[in-house]
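K.L.:
There's a structure below that I have some questions on.
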Amino acid sequence: MTEVSMVVNGRKVSGNVEGRTLLSAFLRENLGLTGTHVGCDTSQCGACVVHVDGAAVKSCTMFALDAEGADVATIEGQAAPDGTLNVIQQAFQDYHGLQCGFCTPGMVMSAAALLKENPKPSEAEIRDYLEGNICRCTGYHNIVRAIMAASGQDVPAVAAE
Amino acid sequence: MYNFEFVKPATVDEAVAALQAEDAQPLSGGQTLIPTMKQRLNAPSTLVSLIGIDSLKGVSEAGGVLTIGAGTTHATVAAEAGAYPALAALAGGIGDPAVRNRGTIGGSLANNDPAACYPAAALGSGATVVTNTREIAIDDYFQGMFTTALEEGEIITAVKFPIPEKANYQKFEQPASRFALVGVFVAKTADGVRVAVTGASEEGVFRWTEAEAALSANFAPGAIEGLSASADGLIGDLHGTPAYRASLIKTLTKRAVTAA
Amino acid sequence: MPKDHGIGASSKRREDVRFLTGEGNYTDDINIAGQTYVHFLRSDVAHGTITNIDSSAAEAMDGVLRVFTAKDFEAVGGIPCGWQVTDKFGEPMQEPKHPVLAEGKVRYVGDPIAAVVAETPELARDAAEAIVVDIDELPAVVDMKAALTDGATKVHDDLTSNLCYDWGFVEENKAAVDDAIANAAHVTTLELVNNRLVANPMEPRVAIGDYSRGTDDYTLYTTSQNPHVIRLLMGAFVLGIPEHKLRVVAPDVGGGFGTKIFHYAEEAFVTFAAKAVNRPVKWTSSRSEAFISDAHGRDHVTKIELALDKDNNFTALRCETYANMGAYLSTFAPSVPTWLHGTLLAGNYTTPLVYTNVKAVFTNTVPVDAYRGAGRPEATFQLERVVDKAARELGVDPTELRRQNFIKPDQFPYDTPVAVTYDTGNYHATLDKALEMSDYANFDKRVAESKSRGKLRGLGVAHFIEACGIAPSNLVGQLGARAGLYESATVRVNATGSISVLTGSHSHGQGHETTFPQVIAEMIGIDESQIDIVHGDTSKTPMGMGTYGSRSIAVGGSAMVRAAEKVINKAKKIAAHLMEASEADIELADGQFTVAGTDKSVAWGDVTLAAYVPHNYPLEDIEPGLEETAFYDPSNFTYPSGAYFCEVEVDPETGEVDVLGFTAADDFGTVINPMIVEGQVHGGVAQGIGQALLENCSYDDNGQLLSGSYMDYAMPRASDLPSFDVDHSCQTPCTHNPLGVKGCGEAGAIGSPPALVNGVIDALHRGGYPVEHINMPLSPSRVWEAIQSMK
């Protein structure tokens, strides 16, 4: 076991891990941050997406030891300290961008990365950016709308067009 | 996966030394290697992460040659290889955004997945692979799927791409993996045209020399109308027969020429 | 003006807050002090005899608690099947034993042979690799028709053949159907495959067994759509644990789509092993393991014939289907190709004569069971494909041929020739709506525009009817169900007037925590925030049957309404007492009880407080408290229907299909929450497009799974799908449940595959490639090959 230290959602954390311990496992098991989900083992579903030093990465395809000293952001750190949802989270609720919720943490983290790169993405750009995030419930329709709404673009109100 | 010792050197020399350990392997992003290790199909005793080596990172252009550090992520290439737009576009189409933030050009070329994109760009551009010990011309580098000219313990440090007059990469995605079912990279230089094909062959990336000759004479999609790529040795699987892949090679080559 | 609360309002989902902040409580998020981990050693060959298992090396490894094999399960039962089909000769289906761990033979790649319980998941896997298993490989039975030939290798030695059953429906109509087809003016014939799928909820299955020696109580935490069903099946039939000693909890579940209905061996294992090792035992499936251990779906091979008279009226329909059961009978597998399929073959049409024959076949593949729609997508696909082909052969507009043969609005209730009676519907209305929404009139212009870019545009039409809101218990009992299909609810009113609804329905993405309170809020006139839903725990809710078959609101919601009605009736008695009025004069609106024709009123909260603080209370007439339970058993299925149009563009050079637009005009009866209903349709359509375009679970001749991960099983991504245009304004409310609801969960997955395939075939015909059919998925290579075949 080797000790690893990093900053997660603004908090300094450390723990003992094996070489093979994935960042997703460190978050879930060592830190109890179970909002980061693991939905596949081929690095495709994106339920595990977190930000490492500001970049979206698949935490199931990165070793915890490779995150030594890194600044990690997970779904648990997205809302304000008083619990107020951030603009993306709120848009996902407003536009019904989630159903079972399992892919949602990764979707929200990917959406955040997208909007940082491209503050006003088109529908096609959003769909393209979500290449590595699989949702089985929503058909993506409302996820796309939620992200457009979160970027401040006009989206018709849900179920009212 | 099996356990291993994780090492994260800060310099190439340290990495080379660490790779002397028995069954040691380099990790340069790991976007292919880690899933393979999860399936227990790969069992290094020591994993040497190259991510912490700053000298392996970066994109620079000088004298018509674009040099990319081996540890440069696909996302960085997509953002910073503006001097070679076809290459930047190719990098921006690999995997998905999260994969592009971890995966590196060196890792991709060292792995030589038969459906990866970078081998097509490197072969199509006539690139040079720079390692800790030598420079390898790309025509000598690829030696069949998952096989390269790299020696045990040899690390790619950079890849040099001569910037062509025109180039384009057309990728037709396998519907599940989103790797290339067929990808064709076409580059036109003063010396002629190179056409590199990935995804299609059981031997990995290859050059379609007939098309190169035709396009060197006349760089227009019509120039290869009368040609057809051979289906011999092409991959046949759930996602397409050799004949289908052969057809795609021609279609994508024409499209790449048009788009270049 | 849309409503902002109660029935018909798009209330935002309250469950979203925890899912959006990482505070969901999925089964894998649960960790119990002292828990151990199991890894299943699974067969890597499809068929073989186990000659030896040597687990000594594994058992000797540090951190290994115990290795289990079939001999440890000799005293327990097999995994039961919940439905017995009777064949066309009146004989029960062949039903093999389904052991928890493979006994003597392995029968599919993934069949669990041994299980290692260890201190960590990685140790358990390491130890499983140290188990030496000797298997004499046998020929794999993969192809269904070959499996039924004389001399075929048998999947189960103790059965007479690989035929599970040979079912005919309606058997008495067979001769008349044959005769009608023989004498028809026109017969359209189509042979097709309904491709095998893997449900792939994004949350892989997880099970945790816990046991207390002190109390002899067992708890199973599991990713289930129906915890009570698991408690009954596992407790009574597998492990012999009485219900009062067994608690099954299904907490937040990350999607189900049918595949989490069934009772799985892993659930029985962890419950059994928790007692054996006296530690909690946890199993978390990887995605790769899910591909070889979750029940698969669909996998039918069908020949269908539609007879028409000289005026293009449908006169008879005959279909012959081979349905893959896999190696063992999963919980509801036998019902899917029979009662959930044959009864839907009238579709939206007045076809007077229908006969279907289904041969269910054992093969050396993963068990096959219900997947979103279950039987109804298969029925709809073949019917809507053959109708489309008939229209083309006869040179008539596909929408007009359908319209001509629709059951007319004034014909409801309509007795079909396949045993079911549709209560309500208006197929003309949904067709008209879809025609308008899809701009059908200007389609030719769009074809020309595509052609100018070298692309082939097509428009596919499909209609569907489904029987859902499953189901009347007495009827399904006659049809072979070994369970009732009622639903339960307890409406527990608290002293201050807030309400907990304990429901047997289970939400794994459907939003019950939001929609169910909307109904109660509407009935009582209090705020939705005053009402909470409790579900997914057998220790908390009355015996319920869970969520599948689009049944939650139709059956579970009805149970809740019945319980709420009882509560309201009792509350009115209390209110009458408080206001010294006659009970008959009490009215409830907006959370106030009033005496009709007076200004006397008492608030909901005052009445509920009186029920629990019964100082001024009619104790001689009624008991204190305000809590009622109802079990609701529907008198019929519900019959949602809709018109689905899919517009596609085909690249003739690559065979790639681009889905440009999708229109869904549905009739779900009353809609409780339009936002959620639309979301259900979006998701269903996406899965249907996935089936039609991308997804394919494929085995080779040796029974090896070729599409065993997302590297080869193509899941729909955002870039594969268009925005959807959905509508549910055509509403013919169900006549036999209190809310008039029909259910919406499966519709999208039922109606969309034929719409897409019809669209691609239309595009190819318009482009000069008269392809009759392409089997799903319409991958680029298949479409390209179809085009080449026409050159």
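Ligands are numbered from 1 in the order shown, residues from 1 within each chain, and chains are lettered A, B, ... in the order they appear in the structure tokens.
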So which residues touch region 44-60 of chain A within 6 Å, counting only C-alpha atoms, skipping near sequence neighbours fewer than 6 positions away, as a PyMOL selection string?
P.N.:
(chain A and resi 22-24+36-38+70-74+103+106+132-134) or (chain B and resi 98)
K.L.:
Please identify all polymer residues within 9 Å of region 183-186 of chain C, counting only C-alpha atoms, omitting same-chain residues fewer than 2 positions from it, and present them as a PDB file with C-alpha atoms, in the first residue's frame.
P.N.:
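The resulting file, around.pdb, is shown below:
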ATOM      1  CA  ASP C 178     -55.164 -21.503 -43.028  1.00  0.00           C
ATOM      2  CA  ASP C 179     -58.239 -21.486 -45.191  1.00  0.00           C
ATOM      3  CA  ALA C 180     -58.436 -17.694 -45.340  1.00  0.00           C
ATOM      4  CA  ILE C 181     -54.790 -17.440 -46.360  1.00  0.00           C
ATOM      5  CA  THR C 188     -47.855 -10.768 -48.038  1.00  0.00           C
ATOM      6  CA  LEU C 306     -50.952 -11.340 -43.931  1.00  0.00           C
ATOM      7  CA  ALA C 307     -53.969 -12.116 -46.085  1.00  0.00           C
ATOM      8  CA  LEU C 308     -56.014  -9.374 -47.740  1.00  0.00           C
ATOM      9  CA  ASP C 309     -59.171  -9.405 -49.780  1.00  0.00           C
ATOM     10  CA  LYS C 310     -59.528  -7.690 -53.137  1.00  0.00           C
ATOM     11  CA  ASP C 311     -60.460  -4.444 -51.389  1.00  0.00           C
ATOM     12  CA  ASN C 312     -57.298  -4.530 -49.273  1.00  0.00           C
ATOM     13  CA  THR C 315     -58.667 -11.081 -43.564  1.00  0.00           C
ATOM     14  CA  ALA C 316     -56.202 -13.237 -41.686  1.00  0.00           C
ATOM     15  CA  ALA C 390     -48.323  -5.274 -48.114  1.00  0.00           C
ATOM     16  CA  LEU C 394     -50.383  -3.309 -53.421  1.00  0.00           C
TER      17      LEU C 394
END
K.L.:
Residues near Ala79 (chain B), anyone? I mean within 10 Å using only C-alpha atoms, not counting same-chain ones fewer than 6 positions away, as a ChimeraX atom specification.
P.N.:
/B:59,73,85,88-89,91-92
K.L.:
Considering only C-alpha atoms, state which residue in the set C:Ala146, C:Ala686, C:Ala481, C:Val17 is at the smallest distance from Ser719 (chain C).
P.N.:
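Closest to Ser719 (chain C) of all the choices is C:Ala686.
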K.L.:
So that I can check the surroundings of region 136-150 of chain A, please list as a PDB file with N, CA, C and O atoms, in the first residue's frame every protein, DNA and RNA residue that reaches within 7 Å of it, counting only C-alpha atoms and ignoring chain neighbours fewer than 2 positions away.
P.N.:
ATOM      1  N   VAL A  87     -25.990  25.740 -11.665  1.00  0.00           N
ATOM      2  CA  VAL A  87     -26.876  26.033 -12.791  1.00  0.00           C
ATOM      3  C   VAL A  87     -27.116  24.789 -13.656  1.00  0.00           C
ATOM      4  O   VAL A  87     -28.211  24.590 -14.189  1.00  0.00           O
ATOM      5  N   ILE A  88     -26.113  23.941 -13.756  1.00  0.00           N
ATOM      6  CA  ILE A  88     -26.288  22.718 -14.568  1.00  0.00           C
ATOM      7  C   ILE A  88     -27.200  21.736 -13.839  1.00  0.00           C
ATOM      8  O   ILE A  88     -28.137  21.176 -14.416  1.00  0.00           O
ATOM      9  N   ALA A  91     -30.694  22.914 -14.075  1.00  0.00           N
ATOM     10  CA  ALA A  91     -31.272  22.723 -15.411  1.00  0.00           C
ATOM     11  C   ALA A  91     -31.638  21.262 -15.635  1.00  0.00           C
ATOM     12  O   ALA A  91     -32.660  20.959 -16.265  1.00  0.00           O
ATOM     13  N   PHE A  92     -30.825  20.357 -15.132  1.00  0.00           N
ATOM     14  CA  PHE A  92     -31.164  18.936 -15.267  1.00  0.00           C
ATOM     15  C   PHE A  92     -32.489  18.643 -14.564  1.00  0.00           C
ATOM     16  O   PHE A  92     -33.302  17.865 -15.064  1.00  0.00           O
ATOM     17  N   TYR A  95     -35.414  20.482 -16.629  1.00  0.00           N
ATOM     18  CA  TYR A  95     -35.705  19.923 -17.955  1.00  0.00           C
ATOM     19  C   TYR A  95     -35.756  18.396 -17.947  1.00  0.00           C
ATOM     20  O   TYR A  95     -35.711  17.785 -19.000  1.00  0.00           O
ATOM     21  N   HIS A  96     -35.858  17.820 -16.794  1.00  0.00           N
ATOM     22  CA  HIS A  96     -36.023  16.364 -16.676  1.00  0.00           C
ATOM     23  C   HIS A  96     -34.896  15.622 -17.400  1.00  0.00           C
ATOM     24  O   HIS A  96     -35.129  14.680 -18.156  1.00  0.00           O
ATOM     25  N   GLY A  97     -33.675  16.076 -17.118  1.00  0.00           N
ATOM     26  CA  GLY A  97     -32.518  15.489 -17.772  1.00  0.00           C
ATOM     27  C   GLY A  97     -31.998  14.229 -17.099  1.00  0.00           C
ATOM     28  O   GLY A  97     -30.865  13.815 -17.367  1.00  0.00           O
ATOM     29  N   LEU A  98     -32.785  13.655 -16.234  1.00  0.00           N
ATOM     30  CA  LEU A  98     -32.358  12.411 -15.592  1.00  0.00           C
ATOM     31  C   LEU A  98     -33.579  11.586 -15.218  1.00  0.00           C
ATOM     32  O   LEU A  98     -34.658  12.127 -14.996  1.00  0.00           O
ATOM     33  N   GLN A  99     -33.390  10.304 -15.194  1.00  0.00           N
ATOM     34  CA  GLN A  99     -34.453   9.407 -14.735  1.00  0.00           C
ATOM     35  C   GLN A  99     -33.922   8.543 -13.586  1.00  0.00           C
ATOM     36  O   GLN A  99     -34.155   8.849 -12.432  1.00  0.00           O
ATOM     37  N   CYS A 100     -33.193   7.487 -13.907  1.00  0.00           N
ATOM     38  CA  CYS A 100     -32.730   6.638 -12.797  1.00  0.00           C
ATOM     39  C   CYS A 100     -31.601   7.290 -12.016  1.00  0.00           C
ATOM     40  O   CYS A 100     -31.327   6.895 -10.893  1.00  0.00           O
ATOM     41  N   ALA A 111     -20.982  17.879 -18.679  1.00  0.00           N
ATOM     42  CA  ALA A 111     -21.630  19.114 -19.112  1.00  0.00           C
ATOM     43  C   ALA A 111     -20.858  20.328 -18.597  1.00  0.00           C
ATOM     44  O   ALA A 111     -20.673  21.315 -19.313  1.00  0.00           O
ATOM     45  N   GLU A 123     -26.857  22.277 -30.371  1.00  0.00           N
ATOM     46  CA  GLU A 123     -27.342  20.933 -30.049  1.00  0.00           C
ATOM     47  C   GLU A 123     -26.364  19.877 -30.568  1.00  0.00           C
ATOM     48  O   GLU A 123     -26.032  18.919 -29.863  1.00  0.00           O
ATOM     49  N   ILE A 126     -23.325  19.609 -28.410  1.00  0.00           N
ATOM     50  CA  ILE A 126     -23.597  18.916 -27.146  1.00  0.00           C
ATOM     51  C   ILE A 126     -23.648  17.412 -27.370  1.00  0.00           C
ATOM     52  O   ILE A 126     -23.014  16.628 -26.650  1.00  0.00           O
ATOM     53  N   ARG A 127     -24.377  17.016 -28.388  1.00  0.00           N
ATOM     54  CA  ARG A 127     -24.492  15.572 -28.650  1.00  0.00           C
ATOM     55  C   ARG A 127     -23.111  14.971 -28.925  1.00  0.00           C
ATOM     56  O   ARG A 127     -22.795  13.875 -28.480  1.00  0.00           O
ATOM     57  N   ILE A 134     -22.921   7.535 -21.564  1.00  0.00           N
ATOM     58  CA  ILE A 134     -24.087   6.770 -22.027  1.00  0.00           C
ATOM     59  C   ILE A 134     -25.216   6.889 -21.005  1.00  0.00           C
ATOM     60  O   ILE A 134     -25.004   6.705 -19.804  1.00  0.00           O
ATOM     61  N   GLY A 152     -27.651  29.140 -20.880  1.00  0.00           N
ATOM     62  CA  GLY A 152     -28.345  30.415 -21.039  1.00  0.00           C
ATOM     63  C   GLY A 152     -29.070  30.565 -22.361  1.00  0.00           C
ATOM     64  O   GLY A 152     -29.560  31.641 -22.684  1.00  0.00           O
ATOM     65  N   GLN A 153     -29.154  29.483 -23.121  1.00  0.00           N
ATOM     66  CA  GLN A 153     -29.856  29.564 -24.397  1.00  0.00           C
ATOM     67  C   GLN A 153     -31.339  29.279 -24.185  1.00  0.00           C
ATOM     68  O   GLN A 153     -31.730  28.570 -23.270  1.00  0.00           O
ATOM     69  N   ASP A 154     -32.134  29.811 -25.072  1.00  0.00           N
ATOM     70  CA  ASP A 154     -33.581  29.619 -24.956  1.00  0.00           C
ATOM     71  C   ASP A 154     -33.953  28.182 -25.272  1.00  0.00           C
ATOM     72  O   ASP A 154     -33.615  27.662 -26.327  1.00  0.00           O
ATOM     73  N   VAL A 155     -34.655  27.582 -24.362  1.00  0.00           N
ATOM     74  CA  VAL A 155     -35.163  26.228 -24.568  1.00  0.00           C
ATOM     75  C   VAL A 155     -36.632  26.271 -24.163  1.00  0.00           C
ATOM     76  O   VAL A 155     -36.951  26.808 -23.094  1.00  0.00           O
TER      77      VAL A 155
ATOM     78  N   PRO C 201     -29.295  -1.624 -18.229  1.00  0.00           N
ATOM     79  CA  PRO C 201     -29.461  -0.478 -17.343  1.00  0.00           C
ATOM     80  C   PRO C 201     -28.066  -0.013 -16.944  1.00  0.00           C
ATOM     81  O   PRO C 201     -27.149  -0.835 -16.842  1.00  0.00           O
ATOM     82  N   MET C 202     -27.887   1.293 -16.756  1.00  0.00           N
ATOM     83  CA  MET C 202     -26.521   1.766 -16.530  1.00  0.00           C
ATOM     84  C   MET C 202     -25.950   1.279 -15.203  1.00  0.00           C
ATOM     85  O   MET C 202     -24.739   1.173 -15.035  1.00  0.00           O
ATOM     86  N   GLY C 679     -40.635  12.001 -21.014  1.00  0.00           N
ATOM     87  CA  GLY C 679     -39.326  11.399 -20.758  1.00  0.00           C
ATOM     88  C   GLY C 679     -39.350   9.892 -20.951  1.00  0.00           C
ATOM     89  O   GLY C 679     -38.406   9.302 -21.482  1.00  0.00           O
ATOM     90  N   HIS C 682     -39.339   9.329 -24.678  1.00  0.00           N
ATOM     91  CA  HIS C 682     -37.987   9.569 -25.223  1.00  0.00           C
ATOM     92  C   HIS C 682     -37.091   8.343 -24.991  1.00  0.00           C
ATOM     93  O   HIS C 682     -36.407   7.882 -25.899  1.00  0.00           O
ATOM     94  N   GLY C 683     -37.101   7.870 -23.768  1.00  0.00           N
ATOM     95  CA  GLY C 683     -36.215   6.761 -23.425  1.00  0.00           C
ATOM     96  C   GLY C 683     -36.598   5.481 -24.142  1.00  0.00           C
ATOM     97  O   GLY C 683     -35.731   4.721 -24.594  1.00  0.00           O
ATOM     98  N   ALA C 686     -35.599   5.766 -27.752  1.00  0.00           N
ATOM     99  CA  ALA C 686     -34.149   5.613 -27.888  1.00  0.00           C
ATOM    100  C   ALA C 686     -33.761   4.134 -27.841  1.00  0.00           C
ATOM    101  O   ALA C 686     -32.899   3.687 -28.602  1.00  0.00           O
ATOM    102  N   ALA C 718     -25.703   9.971 -27.664  1.00  0.00           N
ATOM    103  CA  ALA C 718     -26.458  11.190 -27.967  1.00  0.00           C
ATOM    104  C   ALA C 718     -26.378  11.530 -29.449  1.00  0.00           C
ATOM    105  O   ALA C 718     -27.357  11.998 -30.045  1.00  0.00           O
ATOM    106  N   SER C 723     -33.527  14.891 -31.802  1.00  0.00           N
ATOM    107  CA  SER C 723     -34.540  15.322 -30.840  1.00  0.00           C
ATOM    108  C   SER C 723     -35.856  14.674 -31.247  1.00  0.00           C
ATOM    109  O   SER C 723     -36.102  14.440 -32.426  1.00  0.00           O
ATOM    110  N   PHE C 724     -36.665  14.377 -30.285  1.00  0.00           N
ATOM    111  CA  PHE C 724     -37.921  13.683 -30.565  1.00  0.00           C
ATOM    112  C   PHE C 724     -39.081  14.663 -30.518  1.00  0.00           C
ATOM    113  O   PHE C 724     -39.071  15.605 -29.729  1.00  0.00           O
TER     114      PHE C 724
END
K.L.:
Go through B:Asn3, B:Thr104, B:Thr148, B:Ser28 one by one, measure the shortest atom-to-atom distance of each to chain C using only C-alpha atoms, and give the residue with the smallest value.
P.N.:
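Checking each of B:Asn3, B:Thr104, B:Thr148, B:Ser28 against chain C, counting only C-alpha atoms, the winner is B:Asn3.
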K.L.:
Using only C-alpha atoms, find the residues of chain C whose closest atom to chain A is at most 8 Å away, then write them as a PyMOL selection string.
P.N.:
chain C and resi 2+10+12-13+16-17+19-24+29+200-204+252-255+286-288+508-511+674-676+678-680+682-687+709-711+715-719+721-724
K.L.:
For Ile34 (chain B), please output as an MDAnalysis selection string all residues within 12 Å (counting only C-alpha atoms; exclusion window: fewer than 2 positions along the same chain).
P.N.:
(chainID A and resid 19:23 41:43 58:63) or (chainID B and resid 1:2 25:32 36:44 47 49 99 102:103 107)
K.L.:
Go ahead and save the picked residues with C-alpha atoms, as a PDB file, in the first residue's frame.
P.N.:
ATOM      1  CA  GLY A  19      -1.016   0.345  -7.343  1.00  0.00           C
ATOM      2  CA  ARG A  20      -4.135  -1.019  -8.991  1.00  0.00           C
ATOM      3  CA  THR A  21      -6.573   1.127  -7.028  1.00  0.00           C
ATOM      4  CA  LEU A  22      -8.505   3.225  -9.511  1.00  0.00           C
ATOM      5  CA  LEU A  23      -9.384   6.818  -8.754  1.00  0.00           C
ATOM      6  CA  ASP A  41     -15.232  -1.655 -17.489  1.00  0.00           C
ATOM      7  CA  THR A  42     -14.246  -0.543 -20.969  1.00  0.00           C
ATOM      8  CA  SER A  43     -14.019   3.196 -20.328  1.00  0.00           C
ATOM      9  CA  LYS A  58     -12.932   8.863 -16.466  1.00  0.00           C
ATOM     10  CA  SER A  59     -12.034   8.088 -12.892  1.00  0.00           C
ATOM     11  CA  CYS A  60     -12.342   4.360 -13.595  1.00  0.00           C
ATOM     12  CA  THR A  61      -9.538   4.667 -16.146  1.00  0.00           C
ATOM     13  CA  MET A  62      -7.002   6.433 -14.005  1.00  0.00           C
ATOM     14  CA  PHE A  63      -5.034   5.116 -11.070  1.00  0.00           C
TER      15      PHE A  63
ATOM     16  CA  MET B   1      -6.858  -6.413 -12.223  1.00  0.00           C
ATOM     17  CA  TYR B   2      -3.646  -7.902 -10.944  1.00  0.00           C
ATOM     18  CA  GLN B  25       5.442  -1.521 -18.706  1.00  0.00           C
ATOM     19  CA  PRO B  26       5.043   2.168 -19.409  1.00  0.00           C
ATOM     20  CA  LEU B  27       1.678   3.848 -18.783  1.00  0.00           C
ATOM     21  CA  SER B  28       1.077   6.886 -20.928  1.00  0.00           C
ATOM     22  CA  GLY B  29      -2.539   7.813 -20.309  1.00  0.00           C
ATOM     23  CA  GLY B  30      -3.759   4.257 -20.030  1.00  0.00           C
ATOM     24  CA  GLN B  31      -7.015   4.705 -21.889  1.00  0.00           C
ATOM     25  CA  THR B  32      -6.481   1.402 -23.671  1.00  0.00           C
ATOM     26  CA  THR B  36      -7.090  -4.363 -20.820  1.00  0.00           C
ATOM     27  CA  MET B  37      -5.658  -4.751 -17.343  1.00  0.00           C
ATOM     28  CA  LYS B  38      -9.177  -4.845 -15.866  1.00  0.00           C
ATOM     29  CA  GLN B  39      -9.876  -7.855 -18.059  1.00  0.00           C
ATOM     30  CA  ARG B  40      -6.661  -9.354 -16.663  1.00  0.00           C
ATOM     31  CA  LEU B  41      -5.329  -9.636 -20.188  1.00  0.00           C
ATOM     32  CA  ASN B  42      -2.256  -7.661 -19.251  1.00  0.00           C
ATOM     33  CA  ALA B  43      -0.265  -8.126 -16.064  1.00  0.00           C
ATOM     34  CA  PRO B  44       2.732  -5.856 -15.621  1.00  0.00           C
ATOM     35  CA  LEU B  47       3.750   0.178 -14.182  1.00  0.00           C
ATOM     36  CA  SER B  49       3.541   6.233 -15.415  1.00  0.00           C
ATOM     37  CA  VAL B  99     -10.445   9.989 -23.022  1.00  0.00           C
ATOM     38  CA  ARG B 102      -5.799  11.401 -20.629  1.00  0.00           C
ATOM     39  CA  GLY B 103      -4.777   9.528 -23.747  1.00  0.00           C
ATOM     40  CA  GLY B 107       0.721   5.817 -25.844  1.00  0.00           C
TER      41      GLY B 107
END
K.L.:
Residues of chain C that have any atom at most 8 Å from an atom of chain B: could you tabulate them with the shortest-distance atom pair and the distance in Å to one decimal, using only C-alpha atoms, ordered by chain and increasing number, as a tab-separated table?
P.N.:
residue	atom	partner	partner_atom	distance
C:Glu122	CA	B:Met1	CA	7.3
C:Asp126	CA	B:Tyr2	CA	7.9
C:Glu653	CA	B:Thr251	CA	6.9
C:Thr654	CA	B:Leu248	CA	6.5
C:Leu694	CA	B:Pro175	CA	6.8
C:Leu706	CA	B:Leu238	CA	7.5
C:Tyr710	CA	B:Ala176	CA	5.9
C:Met711	CA	B:Ser177	CA	4.1
C:Asp712	CA	B:Ala176	CA	5.1
C:Tyr713	CA	B:Ala176	CA	5.4
C:Ala714	CA	B:Ala176	CA	3.7
C:Met715	CA	B:Ala176	CA	6.4
C:Ser779	CA	B:His239	CA	7.6
C:Ser781	CA	B:Gly240	CA	5.3
C:Arg782	CA	B:Gly240	CA	7.9
C:Trp784	CA	B:Tyr244	CA	7.6
C:Glu785	CA	B:Tyr244	CA	7.7
K.L.:
CA of Gly168 (chain C) and CA of Ala391 (chain C), how far apart in Å?
P.N.:
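Between CA of Ala391 (chain C) and CA of Gly168 (chain C) the gap works out to 27.7 Å.
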K.L.:
Would you list the contacts of Val4 (chain A) as an NGL selection string, taking every protein, DNA or RNA residue within 9 Å and counting only C-alpha atoms, but skipping same-chain residues closer than 3 positions in sequence?
P.N.:
:A and (13-17 or 64-69)
K.L.:
Please identify all polymer residues within 9 Å of Leu163 (chain C), counting only C-alpha atoms, omitting same-chain residues fewer than 3 positions from it, and present them as a ChimeraX atom specification.
P.N.:
/C:93-94,147-148,159-160,166,359-362
K.L.:
Residues of the last selection are to be written out with N, CA, C and O atoms, as a tab-separated table (two decimals), in the first residue's frame.
P.N.:
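So part-v7.tsv came out as:
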chain	number	residue	atom	x	y	z
C	93	MET	N	-45.24	-27.09	-20.32
C	93	MET	CA	-43.92	-26.91	-20.92
C	93	MET	C	-42.88	-27.79	-20.22
C	93	MET	O	-43.07	-28.20	-19.08
C	94	GLN	N	-41.78	-28.03	-20.90
C	94	GLN	CA	-40.65	-28.71	-20.26
C	94	GLN	C	-39.89	-27.69	-19.43
C	94	GLN	O	-39.57	-26.60	-19.91
C	147	ALA	N	-31.50	-26.70	-33.24
C	147	ALA	CA	-31.71	-27.31	-31.92
C	147	ALA	C	-32.90	-28.25	-31.90
C	147	ALA	O	-32.98	-29.16	-31.08
C	148	LEU	N	-33.83	-28.04	-32.83
C	148	LEU	CA	-35.05	-28.85	-32.84
C	148	LEU	C	-34.98	-30.02	-33.82
C	148	LEU	O	-35.94	-30.78	-33.95
C	159	LEU	N	-34.56	-33.72	-20.30
C	159	LEU	CA	-35.73	-33.33	-21.09
C	159	LEU	C	-35.76	-34.17	-22.37
C	159	LEU	O	-34.75	-34.70	-22.80
C	160	THR	N	-36.94	-34.24	-22.99
C	160	THR	CA	-37.04	-35.09	-24.18
C	160	THR	C	-36.37	-34.45	-25.39
C	160	THR	O	-35.99	-35.14	-26.33
C	166	ASP	N	-44.50	-26.01	-27.58
C	166	ASP	CA	-44.98	-25.72	-28.94
C	166	ASP	C	-46.40	-25.21	-28.74
C	166	ASP	O	-47.31	-25.96	-28.44
C	359	LYS	N	-42.64	-21.79	-30.99
C	359	LYS	CA	-41.81	-22.88	-30.47
C	359	LYS	C	-40.71	-22.23	-29.62
C	359	LYS	O	-39.89	-21.48	-30.15
C	360	ALA	N	-40.74	-22.53	-28.35
C	360	ALA	CA	-39.72	-21.99	-27.45
C	360	ALA	C	-38.60	-23.03	-27.32
C	360	ALA	O	-38.88	-24.21	-27.12
C	361	VAL	N	-37.38	-22.55	-27.43
C	361	VAL	CA	-36.25	-23.46	-27.63
C	361	VAL	C	-35.16	-23.20	-26.60
C	361	VAL	O	-34.79	-22.04	-26.34
C	362	PHE	N	-34.65	-24.30	-26.05
C	362	PHE	CA	-33.47	-24.19	-25.17
C	362	PHE	C	-32.21	-24.17	-26.03
C	362	PHE	O	-32.07	-24.96	-26.97
